[in-house]
$ cat work-v1.cif   # mmCIF, C-alpha atoms and all ligand atoms
data_upload
#
loop_
_atom_site.label_atom_id
_atom_site.label_comp_id
_atom_site.auth_asym_id
_atom_site.auth_seq_id
_atom_site.Cartn_x
_atom_site.Cartn_y
_atom_site.Cartn_z
CA MET A 1 0.00 0.00 0.00
CA PRO A 2 2.71 2.59 0.87
CA THR A 3 4.47 1.62 -2.37
CA ALA A 4 1.33 2.33 -4.38
CA LEU A 5 0.99 5.65 -2.58
CA VAL A 6 4.58 6.57 -3.43
CA ILE A 7 3.98 5.73 -7.09
CA VAL A 8 0.82 7.85 -7.18
CA ILE A 9 2.62 10.79 -5.55
CA ALA A 10 5.53 10.45 -7.98
CA VAL A 11 3.19 10.40 -10.98
CA VAL A 12 1.30 13.46 -9.70
CA ALA A 13 4.58 15.29 -9.06
CA VAL A 14 5.85 14.51 -12.58
CA LEU A 15 2.56 15.65 -14.16
CA LEU A 16 2.58 18.81 -12.04
CA VAL A 17 6.13 19.69 -13.04
CA ALA A 18 5.39 18.93 -16.73
CA THR A 19 2.36 21.20 -16.59
CA LEU A 20 4.39 24.00 -15.00
CA VAL A 21 7.05 23.63 -17.70
CA ASP A 22 4.28 23.93 -20.29
CA VAL A 23 2.97 27.07 -18.59
CA ALA A 24 6.45 28.55 -18.74
CA ARG A 25 7.10 27.69 -22.39
CA SER A 26 3.72 28.03 -24.09
CA GLU A 27 1.75 31.08 -24.99
CA VAL A 28 -0.98 31.74 -22.41
CA GLN A 29 -4.17 33.72 -22.68
CA HIS A 30 -6.77 35.47 -20.48
CA LEU A 31 -4.54 35.63 -17.34
CA PRO A 32 -0.86 36.35 -16.71
CA ARG A 33 1.52 33.39 -16.83
CA TRP A 34 2.22 33.50 -13.08
CA VAL A 35 -1.51 33.34 -12.24
CA TRP A 36 -1.85 30.20 -14.35
CA ALA A 37 1.13 28.70 -12.53
CA LEU A 38 -0.57 29.39 -9.17
CA ILE A 39 -3.84 27.85 -10.43
CA VAL A 40 -2.01 24.70 -11.55
CA VAL A 41 -0.25 24.34 -8.19
CA PHE A 42 -3.00 25.35 -5.76
CA VAL A 43 -6.28 24.30 -7.38
CA SER A 44 -6.49 20.63 -6.44
CA PHE A 45 -4.59 18.59 -9.01
CA PRO A 46 -5.46 17.76 -11.77
CA LEU A 47 -8.36 20.24 -11.85
CA GLY A 48 -6.10 23.30 -12.06
CA ALA A 49 -4.02 21.69 -14.82
CA ILE A 50 -7.14 20.79 -16.81
CA VAL A 51 -8.48 24.34 -16.51
CA TYR A 52 -5.11 25.64 -17.70
CA PHE A 53 -4.97 23.35 -20.75
CA VAL A 54 -8.59 24.04 -21.72
CA VAL A 55 -8.78 27.78 -21.03
CA GLY A 56 -5.36 29.22 -20.39
CA ARG A 57 -3.14 27.72 -23.05
CA ALA A 58 -3.32 29.67 -26.31
CA PRO A 59 -3.86 27.52 -29.38
CA ARG A 60 -0.67 26.96 -31.37
CA ASP A 61 0.02 29.43 -34.16
CA THR A 62 -1.68 27.89 -37.14
CA ALA A 63 0.08 30.23 -39.48
CA GLY A 64 3.47 28.57 -39.35
CA ALA A 65 5.77 28.74 -42.36
CA ASP A 66 5.71 25.96 -44.88
CA VAL A 67 7.83 23.09 -43.69
CA ALA A 68 9.98 22.96 -46.73
CA THR A 69 12.88 20.99 -45.35
CA ALA A 70 13.58 18.70 -42.49
CA THR A 71 15.72 21.36 -40.83
CA ALA A 72 12.92 23.90 -40.81
CA ALA A 73 10.46 21.55 -39.17
CA GLY A 74 9.58 21.97 -35.53
CA SER A 75 11.01 25.45 -35.16
CA ALA A 76 9.56 28.12 -32.91
CA THR A 77 6.74 30.26 -34.12
CA ASP A 78 6.23 33.91 -33.31
CA ARG A 79 4.79 34.59 -29.89
CA GLU A 80 4.63 38.33 -30.06
CA PRO A 81 1.82 40.22 -31.77
CA THR A 82 4.24 41.50 -34.37
CA VAL A 83 2.98 39.68 -37.45
CA ALA A 84 0.01 41.11 -39.24
CA VAL A 85 -1.55 39.44 -42.24
CA GLU A 86 -3.44 41.96 -44.27
CA ALA A 87 -4.95 42.45 -47.66
CA ALA A 88 -2.57 43.25 -50.47
CA ARG A 89 -1.83 46.93 -50.58
CA SER A 90 0.44 49.46 -52.11
CA VAL A 91 2.95 51.71 -50.47
CA SER A 92 4.20 54.89 -51.89
CA VAL A 93 7.92 55.05 -51.46
CA PRO A 94 10.14 58.04 -51.99
CA SER A 95 11.71 58.32 -55.41
CA THR A 96 15.09 59.28 -54.04
CA GLY A 97 17.32 58.45 -51.13
CA PRO A 98 17.82 55.26 -49.18
CA PRO A 99 16.49 53.01 -47.91
CA ALA A 100 13.65 52.57 -50.45
CA VAL A 101 13.68 53.70 -54.05
CA TRP A 102 10.78 53.01 -56.39
CA PRO A 103 9.37 55.27 -59.03
CA GLY A 104 5.84 55.14 -57.61
CA PRO A 105 3.40 53.10 -55.52
CA VAL A 106 4.13 49.38 -55.55
CA PRO A 107 1.90 46.51 -54.38
CA VAL A 108 3.66 45.03 -51.38
CA VAL A 109 3.60 41.41 -50.27
CA VAL A 110 6.09 41.48 -47.38
CA GLU A 111 6.97 44.52 -45.33
CA THR A 112 8.85 45.06 -42.08
CA ARG A 113 8.76 48.16 -39.92
CA GLY A 114 11.61 49.00 -37.57
CA LEU A 115 12.65 45.36 -37.36
CA SER A 116 15.48 44.71 -34.92
CA LYS A 117 17.01 41.53 -33.55
CA ILE A 118 19.57 41.75 -30.76
CA TYR A 119 21.75 38.80 -29.70
CA GLY A 120 23.59 39.83 -26.54
CA ASP A 121 25.55 42.87 -27.67
CA THR A 122 25.20 42.07 -31.40
CA ALA A 123 22.51 43.80 -33.44
CA ALA A 124 21.86 41.19 -36.14
CA LEU A 125 19.12 43.52 -37.48
CA ASP A 126 18.94 47.20 -36.72
CA ASP A 127 15.70 49.06 -37.45
CA VAL A 128 15.10 47.47 -40.87
CA ASP A 129 12.20 48.58 -43.10
CA LEU A 130 12.09 45.91 -45.80
CA VAL A 131 9.59 46.29 -48.66
CA VAL A 132 9.13 43.36 -51.04
CA PRO A 133 6.94 44.25 -54.04
CA ARG A 134 4.48 41.59 -55.18
CA GLY A 135 5.79 39.57 -58.11
CA SER A 136 9.36 40.80 -57.66
CA THR A 137 12.49 38.70 -57.41
CA TYR A 138 14.13 40.43 -54.49
CA GLY A 139 17.78 39.77 -53.71
CA LEU A 140 18.91 40.54 -50.18
CA ILE A 141 22.67 40.90 -50.47
CA GLY A 142 25.27 41.40 -47.82
CA PRO A 143 28.48 39.89 -46.54
CA ASN A 144 28.48 36.94 -44.15
CA GLY A 145 27.15 37.96 -40.74
CA SER A 146 25.22 40.95 -42.09
CA GLY A 147 21.83 39.66 -40.88
CA LYS A 148 20.33 37.97 -43.95
CA THR A 149 19.46 34.64 -42.33
CA THR A 150 18.08 36.40 -39.27
CA MET A 151 15.80 38.50 -41.49
CA LEU A 152 14.51 35.55 -43.53
CA SER A 153 13.99 33.44 -40.39
CA ILE A 154 11.88 36.18 -38.82
CA LEU A 155 9.83 36.57 -42.00
CA ALA A 156 9.22 32.83 -42.05
CA GLY A 157 8.20 32.81 -38.39
CA LEU A 158 11.16 30.75 -37.20
CA ARG A 159 12.64 33.48 -34.98
CA ARG A 160 11.10 36.34 -33.05
CA PRO A 161 12.20 39.92 -33.53
CA THR A 162 13.42 41.93 -30.54
CA ALA A 163 11.46 44.92 -31.82
CA GLY A 164 9.47 45.94 -34.86
CA ALA A 165 6.73 44.41 -36.94
CA VAL A 166 6.23 42.21 -39.99
CA ASP A 167 3.26 42.75 -42.31
CA LEU A 168 2.42 39.97 -44.72
CA ALA A 169 -0.15 40.31 -47.49
CA VAL A 170 -0.33 36.50 -47.69
CA GLU A 171 -0.93 33.88 -45.05
CA ARG A 172 2.24 32.41 -43.57
CA ARG A 173 1.27 29.00 -44.89
CA ARG A 174 1.40 30.45 -48.39
CA MET A 175 5.12 31.14 -47.91
CA GLY A 176 7.69 28.49 -48.72
CA LEU A 177 11.09 28.60 -47.04
CA LEU A 178 14.25 26.89 -48.24
CA VAL A 179 17.05 26.93 -45.68
CA ASP A 180 20.64 27.39 -46.87
CA THR A 181 21.78 23.76 -46.55
CA PRO A 182 18.69 21.55 -46.69
CA LEU A 183 19.04 18.11 -45.12
CA PHE A 184 16.74 15.16 -45.58
CA GLU A 185 16.53 11.71 -44.10
CA PRO A 186 19.07 9.81 -46.23
CA TRP A 187 16.92 6.70 -46.57
CA LEU A 188 13.99 8.59 -48.12
CA SER A 189 13.71 8.82 -51.89
CA ALA A 190 13.26 12.19 -53.60
CA ARG A 191 9.63 11.30 -54.25
CA GLU A 192 9.05 10.45 -50.57
CA VAL A 193 10.64 13.74 -49.42
CA VAL A 194 8.45 15.84 -51.68
CA ASP A 195 5.37 13.78 -50.88
CA LEU A 196 6.03 14.31 -47.17
CA ALA A 197 6.23 18.06 -47.79
CA ARG A 198 2.96 17.84 -49.73
CA HIS A 199 1.29 16.01 -46.81
CA LEU A 200 2.53 18.60 -44.33
CA THR A 201 1.89 21.77 -46.29
CA ALA A 202 -0.77 21.10 -48.91
CA PRO A 203 -2.52 17.74 -48.42
CA ASP A 204 -5.21 18.75 -50.92
CA VAL A 205 -2.70 18.91 -53.75
CA ALA A 206 -2.89 15.88 -56.06
CA VAL A 207 -0.12 13.32 -55.58
CA GLU A 208 0.78 13.61 -59.28
CA ARG A 209 2.13 17.09 -58.51
CA VAL A 210 5.03 15.45 -56.64
CA THR A 211 6.52 14.02 -59.82
CA GLU A 212 5.78 17.18 -61.76
CA VAL A 213 7.77 19.44 -59.43
CA LEU A 214 10.64 16.96 -59.34
CA VAL A 215 10.74 17.08 -63.15
CA ASP A 216 10.54 20.90 -63.04
CA VAL A 217 13.65 21.13 -60.86
CA GLY A 218 15.56 18.70 -63.06
CA LEU A 219 15.37 15.61 -60.86
CA ALA A 220 13.37 13.44 -63.27
CA ASP A 221 16.11 10.80 -63.30
CA ALA A 222 16.43 10.70 -59.52
CA VAL A 223 12.78 10.52 -58.48
CA ASP A 224 13.14 7.12 -56.81
CA ARG A 225 16.75 7.42 -55.67
CA ARG A 226 17.55 7.72 -51.96
CA THR A 227 18.61 11.23 -51.02
CA GLY A 228 21.63 9.90 -49.08
CA GLY A 229 23.59 9.78 -52.34
CA PHE A 230 22.53 13.23 -53.59
CA SER A 231 25.05 15.97 -54.38
CA ARG A 232 24.64 19.39 -52.75
CA GLY A 233 23.14 20.77 -55.93
CA MET A 234 20.61 17.93 -56.07
CA LEU A 235 19.70 18.48 -52.39
CA GLN A 236 19.17 22.17 -53.10
CA ARG A 237 16.93 21.37 -56.06
CA LEU A 238 15.08 18.78 -53.97
CA GLY A 239 14.53 21.45 -51.30
CA LEU A 240 13.09 23.72 -53.97
CA ALA A 241 10.77 20.93 -55.14
CA ALA A 242 9.61 20.39 -51.53
CA CYS A 243 8.89 24.13 -51.33
CA LEU A 244 7.11 24.29 -54.65
CA VAL A 245 4.81 21.30 -54.24
CA GLY A 246 2.46 23.36 -52.03
CA ASP A 247 2.40 26.14 -54.68
CA PRO A 248 3.39 28.96 -52.29
CA GLU A 249 2.79 32.56 -53.31
CA VAL A 250 6.03 33.76 -51.76
CA LEU A 251 9.27 31.80 -51.89
CA VAL A 252 11.96 32.62 -49.33
CA LEU A 253 15.33 31.17 -50.28
CA ASP A 254 18.29 31.52 -47.92
CA GLU A 255 21.57 31.47 -49.87
CA PRO A 256 20.15 29.00 -52.43
CA SER A 257 23.29 28.89 -54.56
CA SER A 258 26.15 29.76 -52.21
CA ALA A 259 27.33 26.25 -51.38
CA LEU A 260 27.23 25.02 -54.97
CA ASP A 261 29.81 24.62 -57.71
CA PRO A 262 29.37 26.74 -60.86
CA SER A 263 27.15 24.23 -62.67
CA GLY A 264 25.01 23.64 -59.57
CA ARG A 265 24.65 27.40 -59.14
CA ARG A 266 23.65 27.78 -62.77
CA GLU A 267 20.94 25.10 -62.39
CA VAL A 268 19.46 26.63 -59.25
CA LEU A 269 19.55 30.17 -60.68
CA ASP A 270 17.83 28.94 -63.84
CA ILE A 271 15.01 27.52 -61.74
CA VAL A 272 14.71 30.74 -59.74
CA GLY A 273 14.71 32.72 -62.99
CA ARG A 274 11.83 30.60 -64.33
CA LEU A 275 9.82 31.13 -61.12
CA ALA A 276 10.28 34.87 -61.34
CA HIS A 277 7.25 35.36 -63.56
CA THR A 278 4.83 33.41 -61.42
CA LYS A 279 5.81 34.07 -57.79
CA THR A 280 7.33 36.59 -55.47
CA VAL A 281 10.83 35.35 -54.65
CA LEU A 282 12.93 36.70 -51.80
CA LEU A 283 16.43 35.28 -51.79
CA SER A 284 19.53 36.08 -49.80
CA THR A 285 23.07 35.73 -51.03
CA HIS A 286 26.55 37.14 -50.71
CA ILE A 287 27.23 36.43 -54.40
CA LEU A 288 26.51 39.66 -56.22
CA ALA A 289 26.62 38.10 -59.68
CA ASP A 290 23.73 35.79 -58.74
CA VAL A 291 21.56 38.73 -57.77
CA GLN A 292 22.44 40.58 -60.93
CA GLN A 293 21.44 37.54 -63.00
CA VAL A 294 18.02 36.76 -61.58
CA CYS A 295 16.75 39.63 -59.42
CA ASP A 296 14.94 42.79 -60.44
CA THR A 297 14.95 44.28 -56.94
CA VAL A 298 17.76 44.42 -54.45
CA GLY A 299 18.26 45.17 -50.78
CA VAL A 300 21.80 45.81 -49.56
CA ILE A 301 22.33 44.91 -45.91
CA ASP A 302 25.47 45.36 -43.84
CA HIS A 303 25.93 45.04 -40.08
CA GLY A 304 22.17 44.58 -39.72
CA ARG A 305 21.31 47.85 -41.45
CA LEU A 306 19.53 48.13 -44.79
CA LEU A 307 21.65 50.54 -46.82
CA TYR A 308 19.60 50.48 -50.01
CA GLN A 309 16.55 48.81 -51.47
CA GLY A 310 14.85 49.29 -54.78
CA PRO A 311 15.21 48.35 -58.43
CA ILE A 312 18.68 47.13 -59.36
CA ALA A 313 18.74 49.51 -62.32
CA GLU A 314 18.27 52.43 -59.94
CA LEU A 315 21.17 51.31 -57.79
CA LEU A 316 23.45 50.87 -60.79
CA ALA A 317 22.52 54.30 -62.11
CA ARG A 318 23.76 55.81 -58.86
CA THR A 319 27.31 54.66 -59.48
CA SER A 320 27.92 56.84 -62.52
CA SER A 321 30.79 58.46 -60.63
CA ALA A 322 32.76 55.21 -60.83
CA PHE A 323 34.59 53.89 -63.89
CA VAL A 324 36.51 50.78 -64.76
CA LEU A 325 39.74 51.52 -66.60
CA HIS A 326 41.58 48.71 -68.43
CA VAL A 327 45.07 49.46 -69.76
CA ARG A 328 48.07 47.44 -71.00
CA GLN A 329 51.22 47.29 -68.89
CA PRO A 330 50.50 50.22 -66.59
CA PRO A 331 53.66 52.01 -65.36
CA PRO A 332 54.09 52.09 -61.55
CA GLU A 333 53.49 55.85 -61.42
CA LEU A 334 50.08 55.66 -63.11
CA GLU A 335 48.11 55.67 -59.85
CA SER A 336 49.95 58.76 -58.54
CA VAL A 337 49.45 60.53 -61.88
CA PHE A 338 45.71 60.02 -61.61
CA ALA A 339 45.61 60.75 -57.87
CA ALA A 340 47.06 64.22 -58.60
CA ARG A 341 44.05 65.18 -60.76
CA PRO A 342 41.47 67.21 -58.79
CA TRP A 343 38.50 65.19 -60.11
CA VAL A 344 39.88 61.81 -58.92
CA ASP A 345 38.55 60.64 -55.57
CA GLU A 346 40.00 57.14 -55.66
CA MET A 347 42.13 55.03 -58.00
CA ARG A 348 42.63 51.36 -57.14
CA GLU A 349 44.04 48.43 -59.14
CA VAL A 350 41.51 45.62 -58.74
CA ALA A 351 43.24 43.21 -61.15
CA PRO A 352 46.41 43.44 -63.26
CA GLY A 353 45.88 46.39 -65.61
CA ARG A 354 42.32 47.01 -64.34
CA PHE A 355 41.60 50.03 -62.18
CA ARG A 356 38.52 51.21 -60.37
CA LEU A 357 38.31 54.95 -60.66
CA VAL A 358 35.93 56.95 -58.46
CA VAL A 359 35.61 60.57 -59.62
CA SER A 360 33.88 63.71 -58.45
CA ASP A 361 33.38 65.02 -61.99
CA ALA A 362 32.42 62.37 -64.56
CA ALA A 363 32.59 64.78 -67.52
CA ALA A 364 36.14 65.84 -66.62
CA ALA A 365 37.16 62.20 -66.31
CA GLU A 366 35.70 61.30 -69.71
CA SER A 367 37.51 64.15 -71.47
CA GLU A 368 40.88 63.90 -69.68
CA VAL A 369 41.55 60.19 -69.19
CA PRO A 370 42.51 59.41 -72.83
CA GLY A 371 44.93 62.38 -72.89
CA LEU A 372 46.50 61.42 -69.56
CA LEU A 373 47.12 57.89 -70.77
CA ALA A 374 48.53 59.09 -74.11
CA ALA A 375 50.89 61.50 -72.33
CA HIS A 376 52.38 58.53 -70.42
CA ARG A 377 52.29 56.26 -73.48
CA VAL A 378 49.89 53.82 -71.83
CA ALA A 379 47.75 51.73 -74.20
CA LEU A 380 44.02 52.00 -73.43
CA VAL A 381 41.95 48.80 -73.71
CA SER A 382 38.67 50.08 -72.33
CA PHE A 383 37.22 52.86 -70.18
CA ASN A 384 33.65 52.25 -69.04
CA PRO A 385 31.23 53.47 -66.39
CA ALA A 386 31.20 50.95 -63.53
CA THR A 387 27.64 49.75 -63.78
CA ASP A 388 28.17 46.41 -62.13
CA LEU A 389 26.56 45.52 -58.86
CA GLU A 390 29.91 44.96 -57.21
CA SER A 391 30.87 48.61 -57.67
CA ALA A 392 27.52 49.78 -56.35
CA PHE A 393 27.80 47.41 -53.41
CA LEU A 394 31.33 48.55 -52.56
CA GLU A 395 30.26 52.17 -52.78
CA LEU A 396 27.42 51.56 -50.33
CA THR A 397 29.32 49.46 -47.84
CA THR A 398 32.67 51.28 -47.67
P1 LIG B 401 24.12 36.25 -42.48
O1 LIG B 401 22.98 35.33 -42.79
O2 LIG B 401 24.10 37.52 -43.25
O3 LIG B 401 25.45 35.56 -42.60
P2 LIG B 401 23.18 36.08 -39.74
O4 LIG B 401 21.77 36.57 -39.78
O5 LIG B 401 23.37 34.61 -39.69
O6 LIG B 401 24.00 36.73 -40.95
O7 LIG B 401 23.93 36.71 -38.48
C1 LIG B 401 23.93 38.11 -38.23
C2 LIG B 401 24.67 38.36 -36.92
O8 LIG B 401 23.94 37.81 -35.85
C3 LIG B 401 26.06 37.73 -36.88
O9 LIG B 401 26.91 38.60 -36.18
C4 LIG B 401 25.83 36.46 -36.12
O10 LIG B 401 27.00 36.08 -35.43
C5 LIG B 401 24.73 36.87 -35.15
N1 LIG B 401 23.86 35.73 -34.82
C6 LIG B 401 23.05 35.06 -35.67
N2 LIG B 401 22.37 34.09 -35.02
C7 LIG B 401 22.77 34.16 -33.72
C8 LIG B 401 22.44 33.42 -32.54
N3 LIG B 401 21.53 32.42 -32.56
N4 LIG B 401 23.05 33.76 -31.38
C9 LIG B 401 23.94 34.78 -31.35
N5 LIG B 401 24.30 35.51 -32.41
C10 LIG B 401 23.73 35.22 -33.60
#
$ encode --input "work-v1.cif" --output "structure tokens" --more "lines below"
Ligand code: ADP
Amino acid sequence: MPTALVIVIAVVAVLLVATLVDVARSEVQHLPRWVWALIVVFVSFPLGAIVYFVVGRAPRDTAGADVATATAAGSATDREPTVAVEAARSVSVPSTGPPAVWPGPVPVVVETRGLSKIYGDTAALDDVDLVVPRGSTYGLIGPNGSGKTTMLSILAGLRRPTAGAVDLAVERRRMGLLVDTPLFEPWLSAREVVDLARHLTAPDVAVERVTEVLVDVGLADAVDRRTGGFSRGMLQRLGLAACLVGDPEVLVLDEPSSALDPSGRREVLDIVGRLAHTKTVLLSTHILADVQQVCDTVGVIDHGRLLYQGPIAELLARTSSAFVLHVRQPPPELESVFAARPWVDEMREVAPGRFRLVVSDAAAAESEVPGLLAAHRVALVSFNPATDLESAFLELTT
């Protein structure tokens, strides 16, 4: 008899502690968390616990992001009232000056206001106002550690912001997220992985769609192969297929091409390029060339701050004060010759015979550079405005 009593007491104690842990970790409603803890402890067990589970525990967030990959599954959802889903709308953004540059009102699908995320003494995001136009292919570019993953994770509901708000014009479940290095159970076939994603995110979608998306991402020959033998590029494409099977309106891709070799990158960028006409795509990368190839809109982030966002063409047009000068066998004194000219702000050799020239007076540069080179008997190969994204990026971040 005493033994039975001890077992009963132990079971009650374990259930009590488990309930208190749940009170501490779950979202509660109607009363403060500490009041629910008192109710659980002092209202005769298990009555208090039952009242808590029925009345006090908030239902789980049903608007979790698409579970696109095994690594995204089971992550935390937002607990703060910072995510608003609203009807599609347009914002009017200023036509000049950072951080947002669009010629007129644009329909917006994802928007953040004053978004900040602080880790200890690191501001991973610092007061970011992101605006993603509907139907755009938006490239969030920045060096490693600039806050890209943090931003995408918050948008997808996997992390909570420290401050600020996220407005979505689509339901969270209509967003598909692909993490940077997707991992899948190695014993599952590609078909099983995508079918699992279909079950979890869009059970109403016909099973035939599984094969279709695998063909779309170029995995037709690997449909029934186990993913354990897949290359990184194949895993990335499989992750995309798992995202796409639920037909999300917004695709969020974290560094989709960064870990891939040139041919793998090409394949993934081709797929993203094809999606561009049908979906809003928000991708992060530190590879500027990738953004220039597939994106029409760009956000430049550095140290958690958004330095520019808007059409790529607009950003490139801003760098008209920079030129790329290509000459044959430049003499050692060439840089000092240029540095002595009043219209030269900076002259730097970026590759043998190739110089990046930042000037304060573009017209003076265009008329004087050929003469300067001729005077020092330097052969000119080319002299062009620096309209590449790299120049624009360097200008913004240095
Ligand atoms: P990116 O994706 O651009 O490489 P991240 O968003 O991963 O950048 O990181 C931005 C900054 O936040 C970095 O300084 C990083 O060290 C820091 N950071 C990211 N996640 C955490 C975390 N869970 N704990 C502490 N610091 C973090």
$ residues_around --input "work-v1.cif" --residues "segment 299-305 of chain A" --least-positions-apart "4" --cutoff "10 Å" --atoms "only C-alpha atoms" --output "compact mmCIF listing (two decimals) with C-alpha atoms, in the coordinates of the input"
# COMPACT_ATOMS: atom_id res chain seq x y z
CA PRO A 99 16.49 53.01 -47.91
CA ALA A 100 13.65 52.57 -50.45
CA LEU A 115 12.65 45.36 -37.36
CA SER A 116 15.48 44.71 -34.92
CA LYS A 117 17.01 41.53 -33.55
CA ILE A 118 19.57 41.75 -30.76
CA THR A 122 25.20 42.07 -31.40
CA ALA A 123 22.51 43.80 -33.44
CA ALA A 124 21.86 41.19 -36.14
CA LEU A 125 19.12 43.52 -37.48
CA ASP A 126 18.94 47.20 -36.72
CA ASP A 127 15.70 49.06 -37.45
CA VAL A 128 15.10 47.47 -40.87
CA ASP A 129 12.20 48.58 -43.10
CA LEU A 130 12.09 45.91 -45.80
CA VAL A 131 9.59 46.29 -48.66
CA VAL A 132 9.13 43.36 -51.04
CA TYR A 138 14.13 40.43 -54.49
CA GLY A 139 17.78 39.77 -53.71
CA LEU A 140 18.91 40.54 -50.18
CA ILE A 141 22.67 40.90 -50.47
CA GLY A 142 25.27 41.40 -47.82
CA PRO A 143 28.48 39.89 -46.54
CA ASN A 144 28.48 36.94 -44.15
CA GLY A 145 27.15 37.96 -40.74
CA SER A 146 25.22 40.95 -42.09
CA GLY A 147 21.83 39.66 -40.88
CA LYS A 148 20.33 37.97 -43.95
CA THR A 150 18.08 36.40 -39.27
CA MET A 151 15.80 38.50 -41.49
CA SER A 284 19.53 36.08 -49.80
CA HIS A 286 26.55 37.14 -50.71
CA GLN A 309 16.55 48.81 -51.47
CA GLY A 310 14.85 49.29 -54.78
CA PRO A 311 15.21 48.35 -58.43
CA ILE A 312 18.68 47.13 -59.36
CA LEU A 315 21.17 51.31 -57.79
CA ALA A 392 27.52 49.78 -56.35
CA PHE A 393 27.80 47.41 -53.41
CA LEU A 396 27.42 51.56 -50.33
CA THR A 397 29.32 49.46 -47.84
$ closest_residue --input "work-v1.cif" --among "A:Leu158, A:Val324, A:Ala165, A:Val108" --to "ligand LIG 401 (chain B)" --atoms "all atoms listed in the file"
A:Leu158
$ residues_near_point --input "work-v1.cif" --point "(4.3, 36.9, -55.2)" --cutoff "10 Å" --atoms "only C-alpha atoms" --output "ChimeraX atom specification"
/A:107-110,132-137,169-170,174-175,248-251,275-282
$ residues_around --input "work-v1.cif" --residues "segment 19-22 of chain A" --least-positions-apart "6" --cutoff "12 Å" --atoms "all atoms listed in the file" --output "PyMOL selection string"
chain A and resi 12-13+28+33-42+45-53+56-58
$ closest_residue --input "work-v1.cif" --among "A:Ala206, A:Val179, A:Leu188, A:Leu389" --to "ligand LIG 401 (chain B)" --atoms "only C-alpha atoms and all ligand atoms"
A:Val179
$ closest_residue --input "work-v1.cif" --among "A:Gly228, A:Pro186, A:Pro330, A:Gly164" --to "Leu380 of chain A" --atoms "all atoms listed in the file"
A:Pro330
$ closest_residue --input "work-v1.cif" --among "A:Val106, A:Leu306, A:Ala242, A:Val213" --to "ligand LIG 401 (chain B)" --atoms "all atoms listed in the file"
A:Leu306
$ axis_aligned_box --input "work-v1.cif" --around "segment 139-145 of chain A" --padding-each-side "8 Å" --output "lines of an AutoDock Vina configuration file"
center_x = 23.1
center_y = 39.2
center_z = -47.2
size_x = 26.7
size_y = 20.5
size_z = 29.0
$ residues_near_point --input "work-v1.cif" --point "(49.3, 47.4, -70.8)" --cutoff "7 Å" --atoms "only C-alpha atoms" --output "ChimeraX atom specification"
/A:327-330,353,378-379
$ residues_around --input "work-v1.cif" --residues "segment 232-235 of chain A" --least-positions-apart "3" --cutoff "8 Å" --atoms "all atoms listed in the file" --output "JSON, numbers by chain"
{"A": [182, 183, 219, 227, 238, 239, 259, 260, 261, 264, 265, 268]}
$ closest_residue --input "work-v1.cif" --among "A:Ser367, A:Ser153, A:Ser26, A:Ser391" --to "Val166 of chain A" --atoms "all atoms listed in the file"
A:Ser153
$ residues_around --input "work-v1.cif" --residues "Ile271 of chain A" --least-positions-apart "2" --cutoff "9 Å" --atoms "all atoms listed in the file" --output "PyMOL selection string"
chain A and resi 216-218+237+240+266-269+273-276
$ atom_distance --input "work-v1.cif" --atom1 "atom CA of Asp167 of chain A" --atom2 "atom CA of Leu283 of chain A"
17.9 Å
$ closest_residue --input "work-v1.cif" --among "A:Leu177, A:Met347, A:Leu325, A:Val359" --to "Phe383 of chain A" --atoms "all atoms listed in the file"
A:Leu325
$ atom_distance --input "work-v1.cif" --atom1 "atom P1 of ligand LIG 401 (chain B)" --atom2 "atom CA of Arg172 of chain A"
22.2 Å
$ atom_distance --input "work-v1.cif" --atom1 "atom CA of Ala351 of chain A" --atom2 "atom CA of Glu368 of chain A"
22.5 Å
